[in-house]
$ cat query05.txt   # compact mmCIF, C-alpha atoms
# COMPACT_ATOMS: atom_id res chain seq x y z
CA MET A 1 32.33 36.58 -71.29
CA ASN A 2 35.81 35.47 -70.16
CA LYS A 3 35.52 37.76 -67.17
CA LYS A 4 32.25 36.08 -66.12
CA ILE A 5 33.71 32.59 -66.44
CA THR A 6 36.77 33.54 -64.40
CA LEU A 7 34.60 35.17 -61.77
CA LEU A 8 32.29 32.13 -61.66
CA GLY A 9 35.27 29.74 -61.35
CA THR A 10 36.75 31.77 -58.51
CA ALA A 11 33.41 31.89 -56.70
CA LEU A 12 33.00 28.11 -57.02
CA ALA A 13 36.52 27.50 -55.74
CA ILE A 14 35.88 29.68 -52.70
CA LEU A 15 32.61 27.91 -51.97
CA LEU A 16 34.06 24.42 -52.41
CA LEU A 17 37.29 24.99 -50.43
CA PRO A 18 35.66 24.67 -46.99
CA ASN A 19 33.83 21.56 -48.20
CA THR A 20 37.14 19.95 -49.14
CA ARG A 21 38.39 20.42 -45.57
CA ALA A 22 35.16 19.04 -44.16
CA LEU A 23 35.41 16.10 -46.55
CA ALA A 24 39.01 15.45 -45.45
CA GLN A 25 37.88 15.42 -41.79
CA TYR A 26 35.08 12.99 -42.65
CA VAL A 27 37.53 10.72 -44.47
CA LEU A 28 39.90 10.80 -41.48
CA ARG A 29 37.07 9.84 -39.10
CA GLU A 30 36.09 6.97 -41.39
CA ALA A 31 39.74 5.87 -41.65
CA ASP A 32 40.05 5.91 -37.85
CA ALA A 33 36.89 3.82 -37.58
CA GLN A 34 38.24 1.25 -40.05
CA PHE A 35 41.56 1.19 -38.18
CA GLU A 36 39.75 0.50 -34.90
CA LEU A 37 37.96 -2.40 -36.62
CA TYR A 38 41.39 -3.81 -37.64
CA ASN A 39 40.52 -3.23 -41.29
CA TYR A 40 43.96 -1.80 -42.00
CA GLU A 41 43.80 -2.14 -45.78
CA ARG A 42 40.65 -0.01 -46.02
CA ALA A 43 42.03 2.38 -43.39
CA ALA A 44 45.20 2.84 -45.47
CA GLN A 45 43.11 3.67 -48.53
CA LEU A 46 41.13 6.25 -46.59
CA TYR A 47 44.21 7.73 -44.90
CA THR A 48 45.80 8.06 -48.35
CA GLU A 49 42.73 9.89 -49.61
CA ALA A 50 42.82 12.21 -46.58
CA TYR A 51 46.58 12.77 -46.97
CA GLN A 52 46.11 13.76 -50.60
CA LYS A 53 43.53 16.34 -49.55
CA LYS A 54 45.60 17.70 -46.65
CA LYS A 55 48.98 16.49 -45.41
CA THR A 56 48.34 16.10 -41.68
CA LEU A 57 50.21 14.38 -38.88
CA ARG A 58 47.15 12.23 -38.16
CA ALA A 59 46.88 10.93 -41.73
CA THR A 60 50.61 10.21 -41.88
CA GLU A 61 50.51 8.35 -38.55
CA GLY A 62 47.51 6.36 -39.73
CA LEU A 63 49.24 5.36 -42.95
CA ALA A 64 52.47 4.34 -41.23
CA GLU A 65 50.63 2.31 -38.58
CA SER A 66 48.26 0.67 -41.05
CA TYR A 67 51.08 -0.51 -43.30
CA ARG A 68 53.11 -1.68 -40.28
CA LEU A 69 50.20 -3.72 -38.97
CA MET A 70 49.58 -5.17 -42.46
CA ARG A 71 53.27 -6.16 -42.41
CA ASP A 72 53.95 -4.19 -45.59
CA PHE A 73 57.33 -3.05 -44.31
CA ARG A 74 58.41 -1.18 -47.43
CA GLN A 75 55.35 1.05 -47.47
CA ALA A 76 55.50 1.42 -43.70
CA ALA A 77 59.16 2.51 -43.86
CA SER A 78 58.40 5.16 -46.46
CA TRP A 79 55.53 6.56 -44.38
CA TYR A 80 57.52 6.45 -41.17
CA ALA A 81 60.30 8.35 -42.97
CA ILE A 82 57.77 11.11 -43.65
CA LEU A 83 56.29 10.84 -40.17
CA VAL A 84 59.56 11.25 -38.25
CA GLU A 85 60.24 14.48 -40.15
CA THR A 86 56.76 15.82 -39.42
CA GLU A 87 56.47 18.33 -36.61
CA GLY A 88 54.66 16.90 -33.59
CA SER A 89 55.46 13.24 -34.20
CA LYS A 90 56.16 11.05 -31.17
CA PRO A 91 59.57 9.50 -30.40
CA GLU A 92 58.01 6.05 -30.87
CA ALA A 93 57.69 6.86 -34.57
CA ILE A 94 61.50 6.89 -34.78
CA LYS A 95 61.64 3.47 -33.11
CA TRP A 96 59.08 2.04 -35.52
CA TYR A 97 60.92 3.60 -38.46
CA ALA A 98 64.08 1.82 -37.31
CA GLU A 99 62.13 -1.45 -37.01
CA MET A 100 60.78 -1.10 -40.56
CA LEU A 101 64.26 -0.38 -41.90
CA ARG A 102 65.59 -3.42 -40.07
CA ASN A 103 62.79 -5.56 -41.54
CA ASN A 104 63.84 -4.31 -44.98
CA ALA A 105 67.49 -5.34 -44.31
CA LYS A 106 68.67 -1.72 -44.15
CA TYR A 107 70.69 -2.33 -41.02
CA SER A 108 73.03 0.66 -41.03
CA GLU A 109 70.10 3.06 -41.55
CA ALA A 110 68.15 1.25 -38.82
CA LYS A 111 71.08 1.62 -36.43
CA ASP A 112 71.18 5.38 -37.12
CA GLN A 113 67.47 5.61 -36.30
CA TYR A 114 67.91 3.62 -33.08
CA ILE A 115 70.61 6.10 -32.05
CA ARG A 116 68.26 8.95 -32.92
CA TYR A 117 65.49 7.29 -30.91
CA GLY A 118 67.75 7.00 -27.87
CA GLN A 119 68.63 10.68 -28.17
CA SER A 120 64.96 11.66 -28.43
CA LEU A 121 64.08 10.04 -25.10
CA LYS A 122 64.40 12.49 -22.25
CA ASP A 123 63.68 10.21 -19.29
CA ALA A 124 65.03 6.91 -20.57
CA GLY A 125 65.71 4.42 -17.81
CA PRO A 126 68.58 1.93 -17.74
CA GLU A 127 66.36 -0.86 -19.08
CA GLN A 128 65.31 1.23 -22.05
CA LEU A 129 68.89 2.26 -22.79
CA THR A 130 69.98 -1.39 -22.61
CA GLN A 131 67.23 -2.36 -25.05
CA ILE A 132 68.27 0.36 -27.50
CA ALA A 133 71.91 -0.81 -27.24
CA ASN A 134 70.76 -4.37 -28.00
CA TRP A 135 68.87 -3.18 -31.07
CA LYS A 136 71.93 -1.28 -32.33
CA ASN A 137 74.14 -4.32 -31.71
CA SER A 138 71.68 -6.56 -33.57
CA CYS A 139 72.06 -4.32 -36.61
CA ASP A 140 75.87 -4.63 -36.42
CA SER A 141 75.56 -8.42 -36.06
CA ALA A 142 73.24 -8.70 -39.04
CA VAL A 143 75.68 -6.76 -41.24
CA LYS A 144 78.52 -9.00 -40.06
CA TRP A 145 76.56 -12.20 -40.72
CA MET A 146 75.48 -11.05 -44.16
CA ARG A 147 79.10 -10.36 -45.13
CA SER A 148 80.18 -13.88 -44.25
CA PRO A 149 77.27 -16.32 -44.39
CA LYS A 150 77.75 -19.89 -43.18
CA THR A 151 76.89 -22.88 -45.32
CA VAL A 152 74.18 -24.99 -43.74
CA SER A 153 73.02 -28.45 -44.75
CA ILE A 154 69.48 -29.49 -43.90
CA THR A 155 68.50 -33.14 -43.85
CA ASN A 156 65.04 -34.58 -43.56
CA GLU A 157 64.85 -36.82 -40.49
CA LYS A 158 62.16 -39.33 -41.35
CA ALA A 159 62.29 -40.90 -37.88
CA LEU A 160 60.88 -37.73 -36.37
$ encode --input "query05.txt" --output "structure tokens"
Amino acid sequence: MNKKITLLGTALAILLLPNTRALAQYVLREADAQFELYNYERAAQLYTEAYQKKKTLRATEGLAESYRLMRDFRQAASWYAILVETEGSKPEAIKWYAEMLRNNAKYSEAKDQYIRYGQSLKDAGPEQLTQIANWKNSCDSAVKWMRSPKTVSITNEKAL
């Protein structure tokens, strides 16, 4: 009896395995459609479902982009962290990861990612290199300003 149950379970698993992949592809197509409709919250839910079924570059990119566009910078940073370590990811993912870190006030980590982004660009022009240098400098400035904040007094000007 146990032998039959084990055999039946194995047979069902083999039959259902291809369906799981097909289902993951369907979920990814639906997530892409929601993303194109600017329904990023629903797209993120669907990308998460697809990612849980199979960890793909496409699902990870979709999650990172959806959270970035929803302005959920913490979630976006965590997904970009996964994305930049995934084989086949684009150099722009490193830039966006740095942006998300900067939005989360993780300036030294953001600076490291900007440096990494600059190194990942093969044909960077002088304008691009200048922009990357400005981003790195902005991280240094933010750290400096946070160490020694200035006291500011705001008054309500009723005449205006």
$ residues_around --input "query05.txt" --residues "Phe73 (chain A)" --least-positions-apart "3" --cutoff "12 Å" --atoms "only C-alpha atoms" --output "list in words"
Leu63, Ala64, Glu65, Ser66, Tyr67, Arg68, Leu69, Met70, Ala76, Ala77, Ser78, Trp79, Tyr80, Ala81, Trp96, Tyr97, Ala98, Glu99, Met100, Leu101, Arg102, Asn103, Asn104, Ala105 and Lys106 of chain A
$ write_last_selection --input "query05.txt" --atoms "C-alpha atoms" --output "mmCIF file, keeping the file's coordinate frame"
data_model
loop_
_atom_site.group_PDB
_atom_site.id
_atom_site.type_symbol
_atom_site.label_atom_id
_atom_site.label_comp_id
_atom_site.auth_asym_id
_atom_site.auth_seq_id
_atom_site.Cartn_x
_atom_site.Cartn_y
_atom_site.Cartn_z
ATOM 1 C CA LEU A 63 49.240 5.360 -42.950
ATOM 2 C CA ALA A 64 52.470 4.340 -41.230
ATOM 3 C CA GLU A 65 50.630 2.310 -38.580
ATOM 4 C CA SER A 66 48.260 0.670 -41.050
ATOM 5 C CA TYR A 67 51.080 -0.510 -43.300
ATOM 6 C CA ARG A 68 53.110 -1.680 -40.280
ATOM 7 C CA LEU A 69 50.200 -3.720 -38.970
ATOM 8 C CA MET A 70 49.580 -5.170 -42.460
ATOM 9 C CA ALA A 76 55.500 1.420 -43.700
ATOM 10 C CA ALA A 77 59.160 2.510 -43.860
ATOM 11 C CA SER A 78 58.400 5.160 -46.460
ATOM 12 C CA TRP A 79 55.530 6.560 -44.380
ATOM 13 C CA TYR A 80 57.520 6.450 -41.170
ATOM 14 C CA ALA A 81 60.300 8.350 -42.970
ATOM 15 C CA TRP A 96 59.080 2.040 -35.520
ATOM 16 C CA TYR A 97 60.920 3.600 -38.460
ATOM 17 C CA ALA A 98 64.080 1.820 -37.310
ATOM 18 C CA GLU A 99 62.130 -1.450 -37.010
ATOM 19 C CA MET A 100 60.780 -1.100 -40.560
ATOM 20 C CA LEU A 101 64.260 -0.380 -41.900
ATOM 21 C CA ARG A 102 65.590 -3.420 -40.070
ATOM 22 C CA ASN A 103 62.790 -5.560 -41.540
ATOM 23 C CA ASN A 104 63.840 -4.310 -44.980
ATOM 24 C CA ALA A 105 67.490 -5.340 -44.310
ATOM 25 C CA LYS A 106 68.670 -1.720 -44.150
#
$ closest_residue --input "query05.txt" --among "A:Gln113, A:Ser120, A:Ser108, A:Ser141" --to "Lys90 (chain A)" --atoms "all atoms listed in the file"
A:Ser120
$ atom_distance --input "query05.txt" --atom1 "CA of Ala142 (chain A)" --atom2 "CA of Pro91 (chain A)"
24.3 Å
$ atom_distance --input "query05.txt" --atom1 "CA of Lys144 (chain A)" --atom2 "CA of Ile115 (chain A)"
18.8 Å
$ atom_distance --input "query05.txt" --atom1 "CA of Lys122 (chain A)" --atom2 "CA of Glu92 (chain A)"
12.5 Å
$ residues_around --input "query05.txt" --residues "Asp140 (chain A)" --least-positions-apart "4" --cutoff "9 Å" --atoms "all atoms listed in the file" --output "PyMOL selection string"
chain A and resi 107-108+111+135-136+144-145
$ residues_around --input "query05.txt" --residues "Val27 (chain A)" --least-positions-apart "3" --cutoff "12 Å" --atoms "all atoms listed in the file" --output "PDB file with C-alpha atoms, in the coordinates of the input"
ATOM      1  CA  THR A  20      37.140  19.950 -49.140  1.00  0.00           C
ATOM      2  CA  ARG A  21      38.390  20.420 -45.570  1.00  0.00           C
ATOM      3  CA  ALA A  22      35.160  19.040 -44.160  1.00  0.00           C
ATOM      4  CA  LEU A  23      35.410  16.100 -46.550  1.00  0.00           C
ATOM      5  CA  ALA A  24      39.010  15.450 -45.450  1.00  0.00           C
ATOM      6  CA  GLU A  30      36.090   6.970 -41.390  1.00  0.00           C
ATOM      7  CA  ALA A  31      39.740   5.870 -41.650  1.00  0.00           C
ATOM      8  CA  ASP A  32      40.050   5.910 -37.850  1.00  0.00           C
ATOM      9  CA  ALA A  33      36.890   3.820 -37.580  1.00  0.00           C
ATOM     10  CA  GLN A  34      38.240   1.250 -40.050  1.00  0.00           C
ATOM     11  CA  ARG A  42      40.650  -0.010 -46.020  1.00  0.00           C
ATOM     12  CA  ALA A  43      42.030   2.380 -43.390  1.00  0.00           C
ATOM     13  CA  ALA A  44      45.200   2.840 -45.470  1.00  0.00           C
ATOM     14  CA  GLN A  45      43.110   3.670 -48.530  1.00  0.00           C
ATOM     15  CA  LEU A  46      41.130   6.250 -46.590  1.00  0.00           C
ATOM     16  CA  TYR A  47      44.210   7.730 -44.900  1.00  0.00           C
ATOM     17  CA  THR A  48      45.800   8.060 -48.350  1.00  0.00           C
ATOM     18  CA  GLU A  49      42.730   9.890 -49.610  1.00  0.00           C
ATOM     19  CA  ALA A  50      42.820  12.210 -46.580  1.00  0.00           C
ATOM     20  CA  TYR A  51      46.580  12.770 -46.970  1.00  0.00           C
ATOM     21  CA  GLN A  52      46.110  13.760 -50.600  1.00  0.00           C
ATOM     22  CA  LYS A  53      43.530  16.340 -49.550  1.00  0.00           C
ATOM     23  CA  LYS A  54      45.600  17.700 -46.650  1.00  0.00           C
ATOM     24  CA  ARG A  58      47.150  12.230 -38.160  1.00  0.00           C
ATOM     25  CA  ALA A  59      46.880  10.930 -41.730  1.00  0.00           C
ATOM     26  CA  GLY A  62      47.510   6.360 -39.730  1.00  0.00           C
TER      27      GLY A  62
END
